[in-house]
Each structure stands twice: as structure tokens, then as C-alpha cells.
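Participant: Sharing a structure, written as C-alpha cells. Questions coming.
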Number of protein chains: 4
Amino acid sequence: MGHTYTRAMLDTHPLGSAGLDPNILVTCIEQCFACAQACTACADADLSEQMVAELARCARLDLDCADICETTGRALSRQTSRDVNLIRALVQACVTACKVCGDECERHAAMHEHCRVNADACRRCETACQDLLAVLG
Amino acid sequence: MGHTYTRAMLDTHPLGSAGLDPNILVTCIEQCFACAQACTACADADLSEQMVAELARCARLDLDCADICETTGRALSRQTSRDVNLIRALVQACVTACKVCGDECERHAAMHEHCRVNADACRRCETACQDLLAVLG
Amino acid sequence: MGHTYTRAMLDTHPLGSAGLDPNILVTCIEQCFACAQACTACADADLSEQMVAELARCARLDLDCADICETTGRALSRQTSRDVNLIRALVQACVTACKVCGDECERHAAMHEHCRVNADACRRCETACQDLLAVLG
Amino acid sequence: MGHTYTRAMLDTHPLGSAGLDPNILVTCIEQCFACAQACTACADADLSEQMVAELARCARLDLDCADICETTGRALSRQTSRDVNLIRALVQACVTACKVCGDECERHAAMHEHCRVNADACRRCETACQDLLAVLG
């Protein structure tokens, strides 16, 4: 598996984690990027299935979720002058995207292994975002 | 000025604008992309100012706002199986980002012309998002 | 149609267009964002077609092209300490993506109007990128 | 550290890794996303340094590199109908971005720990991209 730098970048940032629990923040950032990758791959796997027409909703939600997770992971990677209202609204949108996309993938999990894996990625990211929301204040 | 395809892509989509007012939707998509571009340019202009240290918050919010506007513009460009709760949460986050970023840019508008222009981009995108929220249902 | 700020942001940047012809630069930035939007919409339109299985290659290339055009439009929006080698390599990748995606869309243009429109978006962006490459030095 | 799904998504994709060595592909995807995260964090850390004016070039290249790495990580996550010329041009642009950004960060490594960490992220991503180019054909 790859080497990540989320923790090291946070530890060497002039502001550290700027008042947030670093463990919760690192986990949330990493699950956002991991979910963005998994959703991108799931949308593409849908395109290669013979029954792609039945997976159109899945692919569309994967693409929304990938974009939102990526944007959330990026915003959480910034500690300078964080605006809590902006971050809260964004993380809430990410929770919604992960919930909706995870539910759709779960419907196809028995038939398509990539949907089963991606549903897990969505759930883990949703949980990490909820954990962050709980400490955002 | 460049040529855009937002309207033509919507008019040729198998689902059209999928139940939304096409004028409101097109305007919102185009202002999201325009604001993403302007915020990206404003963050960079901040880096080239001598007093960049005083513009750190501005640059940070520009980067957040650029990412959120772009993700919103992309999600609104998709008409297949739209999830209204997901879209609403995302557009609300976009409103918040444009409001916060526009306010910060306005504080520097008298001193920095690029902040004045970008504040206008943020306001116009915020308004377009509010107009869309009003018809989202 | 929407209001864009590309020209105004460039005119108010401390470095201006940093040695590049502003008309060529503005056109290239705007066509990159317009193509990113059109490709995002075309990939989604593909998902709503009954014959989506025949459009899998089209959708995949649309997604690649959307990401590359967006990244190119962003990088060109930055004038601070431009690295010409980096920009050249990126714009060349954008030319390739627009060419490949435009060719694929053209194959479906007679059958699917959105592919015809998107092929035009790809061609116009490809041309704008070529014009920029010619003056990059 | 976070849990990633890159390998599992590849193993469950209908096309697998579509003719590429899965180990090389997984490593390249993961280092692209890791570098995108690290560069995003480094640009932000620059903004919080007192001597931010001396780090303007670093921040700008960080932002370019973050966008290019993310786009490359996404494109490599798609296995459907890969266009080798497009992927090669994109991965080459990614190599250039990682090289230029890593060099700049290295110049500040003794003074700023986040630049030292990010230089490592860039080097590792550059190497992973070179390894992929070698087997792309």
C-alpha cells in the first residue's frame, strides 16, 4: 500500500491541527481521499459492466461523491484561518453524499463486488465525517 | 470572451434539465465555474502581492471556494437520477463558501482590484445558488 | 449566458498575464473550463442513453478530458512564478485529451446530439491550447 | 492511518488492471493521491508562515502539482477503454510537476519542515509515475 503524508504534514504545519483533534482530523482527511478514489473507480467499473444501464444511478452518485469527498479532503487539509461554518456545511454535504452513494452501492453489493467494496469506503468516510462534525463546535 | 456549451448540453441531454427551470440551472452552473476560475486567480494574485501575509485568510478561502464551486458546477451538470437531498446540501455549502469568501474579498476591495472583482464573482454565484435552492423543492 | 471574470482577473493581477498574450491566455482558460463542463455533462448524458453500453468509451474519455481541462484551466489562471516546462507538458496533455475525446464524440455525433456539441467543445479547446503552445516559448 | 481501497477496487473491476502490472498501478495511484494531499497542505502551510512572501513560488507550484496529481490519480483509477497516448501524456506532465515542485520544496527543506516532508511526497510520486511510464508501452 502507498505511503501517506497527512499526519506528517499536520505535525509540521505552523498551526498544527489548529484546535482540532489531530487523530480525528487525519482519519477524516484520509478517508475522504480514499473514498474519492474508490468512487472514481466504482463509476468506471460500472461502465465496464454488461448491465451498465442498471448502474446509471450508481455511476452518477459515485461521480458526485468522488468530487465532494475530494473537495472536503482538500479543505480539511488547510489549517490557515479555518471558517467553521464553511467547513461544517461542507462536511455535512459530504456525509449526505457518502450516505446516498453508500446506500445505492449496497443495493448492488451482492451482484457487483466493486459496489460492495465501495459501499464500505462510503460508510467509513461517512463515519469519519460524523466524528469530525462532533468535535467541530 | 469564450464560448460556453452549458445550455446546448442541457438542451441535448436525454433528460433535458430533469424538472428544473433550465434558465436558473444554466445560470447557476455557469456562475459556479466562473467563480471557481475567479477564486483560483484571486488566490494566485494574493501570492504576488507584497503584503501577502495580510491576505493569507483571503487566499485560503479562495481555495476552499474554488473547490466547492467547481464540485457544485459539476454535480449540477449531471441530470441522471439526481438526488435532491445531496444537491441541496451541496448548493447550501456553496452559498456559505461564496458568502464567506465574498465578505473577505470585500474587506480588501479598496486596496486590491482583484479582490473587488472576485467579490463580485462570489456574490453573483451566491445569488445564482440561492435562486436554484428556491426551486429545488 | 453566464458572466465570466477571466479577463478582469487577469487585468487586475499584480503580474498581469506575466508575459503571455492576454487574448490567447483568456481564450485558452475559458475554453478549458467550458470543455470541462461540457465533458462532465456528456458523460452524464451517456449514462441516460438506452445504448449506454456502446458509449462506455465515450463516457470514460469525457471524464478524463473534464479533469485534465479543469486542471489546465486552473494552472493557466495562476501567473505567479510560472514554470514553463510544467505548463507546456500540461497543455500538451490537454491537447491530447481533447483530440482523443473529440474524435470519440464525433463517432457518435450523428446519433447523439450531446456528443456533437461536446465534440465542438473539445475541438475549440484543443485549438485554444495549440494557440497557447505556439506562444509559450 | 487511513484505510485505502485502491487494490480492492482494482481486484474487483470487471477488467482488472486492464493489462498493467497491478502493483505498479496501485502504487502510482496511491502516491498521486498522497502527493495531492501533501501539496495541498504544503501550500496552506506556506500561507501561515511569517515569511510567506518568500514561499510564493512554492505555494504556486504546490497548487499546480496538487491538481495534476489528483487528475492523474483519477485517470489511472479508470480501466475502461484506456487511451495509452492520453495516459502517457498525463503521467509525463505529472512527472514534470512532481520534479519541479519537489525541487522547489527541497530549497526550503532546511527552514520549513513541511517543505521537507512534501519534497519526499513529490519524489515518491515522481518515482511511481516513472515506474508506470516504463511499463505503459
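The way I read the labels, and the way they are meant: chains A, B, ... in the order of the C-alpha cells, residue 1 as the first residue of every chain, and ligand 1 as the first ligand shown, with later ones counted on from there.
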Do you know which residues are at most 8 Å from region 84-86 of chain D counting only C-alpha atoms, after dropping those on the same chain fewer than 2 positions away, and could you put them as a list in words?
Facilitator: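 In the requested format, the answer is Ala93, Thr96, Ala97 and Val100 of chain C; Arg82, Arg88, Ala89, Leu90, Leu136 and Gly137 of chain D.
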Participant: Given the selection you just returned, output its residues as a file containing N, CA, C and O atoms, formatted as a short mmCIF file (atom, residue, chain, number, x, y, z; two decimals), in the first residue's frame.
Facilitator:
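And here is the file that came out, part.cif:
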data_model
loop_
_atom_site.label_atom_id
_atom_site.label_comp_id
_atom_site.auth_asym_id
_atom_site.auth_seq_id
_atom_site.Cartn_x
_atom_site.Cartn_y
_atom_site.Cartn_z
N ALA C 93 -0.75 17.63 -22.69
CA ALA C 93 -1.66 16.56 -22.25
C ALA C 93 -3.10 16.96 -22.52
O ALA C 93 -3.94 16.11 -22.89
N THR C 96 -3.90 16.45 -26.20
CA THR C 96 -4.11 15.02 -26.48
C THR C 96 -5.49 14.57 -25.99
O THR C 96 -6.22 13.87 -26.70
N ALA C 97 -5.86 14.98 -24.78
CA ALA C 97 -7.16 14.58 -24.23
C ALA C 97 -8.31 15.12 -25.09
O ALA C 97 -9.27 14.39 -25.38
N VAL C 100 -8.43 13.12 -28.48
CA VAL C 100 -8.95 11.76 -28.34
C VAL C 100 -10.44 11.77 -27.99
O VAL C 100 -11.24 11.01 -28.56
N ARG D 82 -8.91 2.38 -21.80
CA ARG D 82 -7.78 3.30 -21.58
C ARG D 82 -7.17 3.73 -22.92
O ARG D 82 -6.91 2.90 -23.79
N ARG D 88 -0.17 8.46 -21.19
CA ARG D 88 1.26 8.74 -21.19
C ARG D 88 1.54 10.23 -21.06
O ARG D 88 2.37 10.66 -20.27
N ALA D 89 0.80 11.04 -21.84
CA ALA D 89 1.00 12.49 -21.79
C ALA D 89 0.68 13.04 -20.40
O ALA D 89 1.37 13.93 -19.88
N LEU D 90 -0.35 12.49 -19.79
CA LEU D 90 -0.75 12.96 -18.46
C LEU D 90 0.28 12.57 -17.40
O LEU D 90 0.67 13.39 -16.55
N LEU D 136 4.11 1.22 -19.55
CA LEU D 136 2.91 1.65 -20.29
C LEU D 136 2.93 1.20 -21.75
O LEU D 136 1.88 1.00 -22.37
N GLY D 137 4.12 1.07 -22.30
CA GLY D 137 4.23 0.61 -23.70
C GLY D 137 3.97 1.75 -24.67
O GLY D 137 3.50 2.82 -24.30
#
Participant: Residues of chain B that have any atom at most 12 Å from an atom of chain D: could you tabulate them with the shortest-distance atom pair and the distance in Å to one decimal, using only C-alpha atoms, ordered by chain and increasing number, as a Markdown table?
Facilitator:
| residue | atom | partner | partner_atom | distance |
| --- | --- | --- | --- | --- |
| B:Thr40 | CA | D:Leu63 | CA | 9.7 |
| B:Ala41 | CA | D:Arg60 | CA | 11.0 |
| B:Ala43 | CA | D:Arg60 | CA | 9.4 |
| B:Asp44 | CA | D:Arg60 | CA | 7.1 |
| B:Ala45 | CA | D:Ala56 | CA | 10.2 |
| B:Asp46 | CA | D:Ala56 | CA | 9.2 |
| B:Leu47 | CA | D:Ala56 | CA | 5.4 |
| B:Ser48 | CA | D:Ala56 | CA | 7.0 |
| B:Glu49 | CA | D:Ala53 | CA | 8.2 |
| B:Gln50 | CA | D:Ala53 | CA | 6.9 |
| B:Met51 | CA | D:Ala53 | CA | 7.9 |
| B:Val52 | CA | D:Ala53 | CA | 6.2 |
| B:Ala53 | CA | D:Val52 | CA | 6.3 |
| B:Glu54 | CA | D:Leu47 | CA | 9.7 |
| B:Leu55 | CA | D:Leu47 | CA | 8.6 |
| B:Ala56 | CA | D:Leu47 | CA | 5.4 |
| B:Arg57 | CA | D:Leu47 | CA | 8.3 |
| B:Cys58 | CA | D:Leu47 | CA | 10.1 |
| B:Ala59 | CA | D:Leu47 | CA | 8.0 |
| B:Arg60 | CA | D:Asp44 | CA | 7.1 |
| B:Leu61 | CA | D:Asp44 | CA | 10.7 |
| B:Asp62 | CA | D:Asp44 | CA | 11.6 |
| B:Leu63 | CA | D:Leu63 | CA | 9.5 |
| B:Asp64 | CA | D:Thr40 | CA | 10.9 |
| B:Asp67 | CA | D:Asp67 | CA | 10.6 |
Participant: Would you kindly return, as a ChimeraX atom specification, each protein, DNA or RNA residue with an atom no farther than 7 Å from any atom of region 103-110 of chain D, considering only C-alpha atoms and excluding same-chain residues fewer than 6 positions away?
Facilitator: /D:58,116,118-119
Participant: Apply DSSP to the backbone of this structure and, from region 14-130 of chain C, keep only the residues in helix (DSSP H, G or I); write these as a PyMOL selection string.
Facilitator: chain C and resi 22-48+52-76+84-107+113-130
Participant: May I have the residues within 9 Å of region 21-37 of chain D as a count of residues only, using only C-alpha atoms and disregarding those fewer than 5 positions away in the same chain?
Facilitator: 50
Participant: As an exercise, work out the distance from CA of Ser17 (chain D) to CA of Glu113 (chain A) in Å and give it to one decimal place.
Facilitator: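 Computed distance, CA of Ser17 (chain D) to CA of Glu113 (chain A), equals 15.0 Å.
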Participant: Report the distance between CA of Leu15 (chain A) and CA of Thr80 (chain A) in Å, rounded to one decimal place.
Facilitator: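 Pair CA of Leu15 (chain A) / CA of Thr80 (chain A) returns 7.3 Å.
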Participant: Please compute the CA of Arg123 (chain B)-CA of Ala38 (chain B) distance, one decimal, in Å.
Facilitator: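 Here the two named atoms are 11.8 Å from each other.
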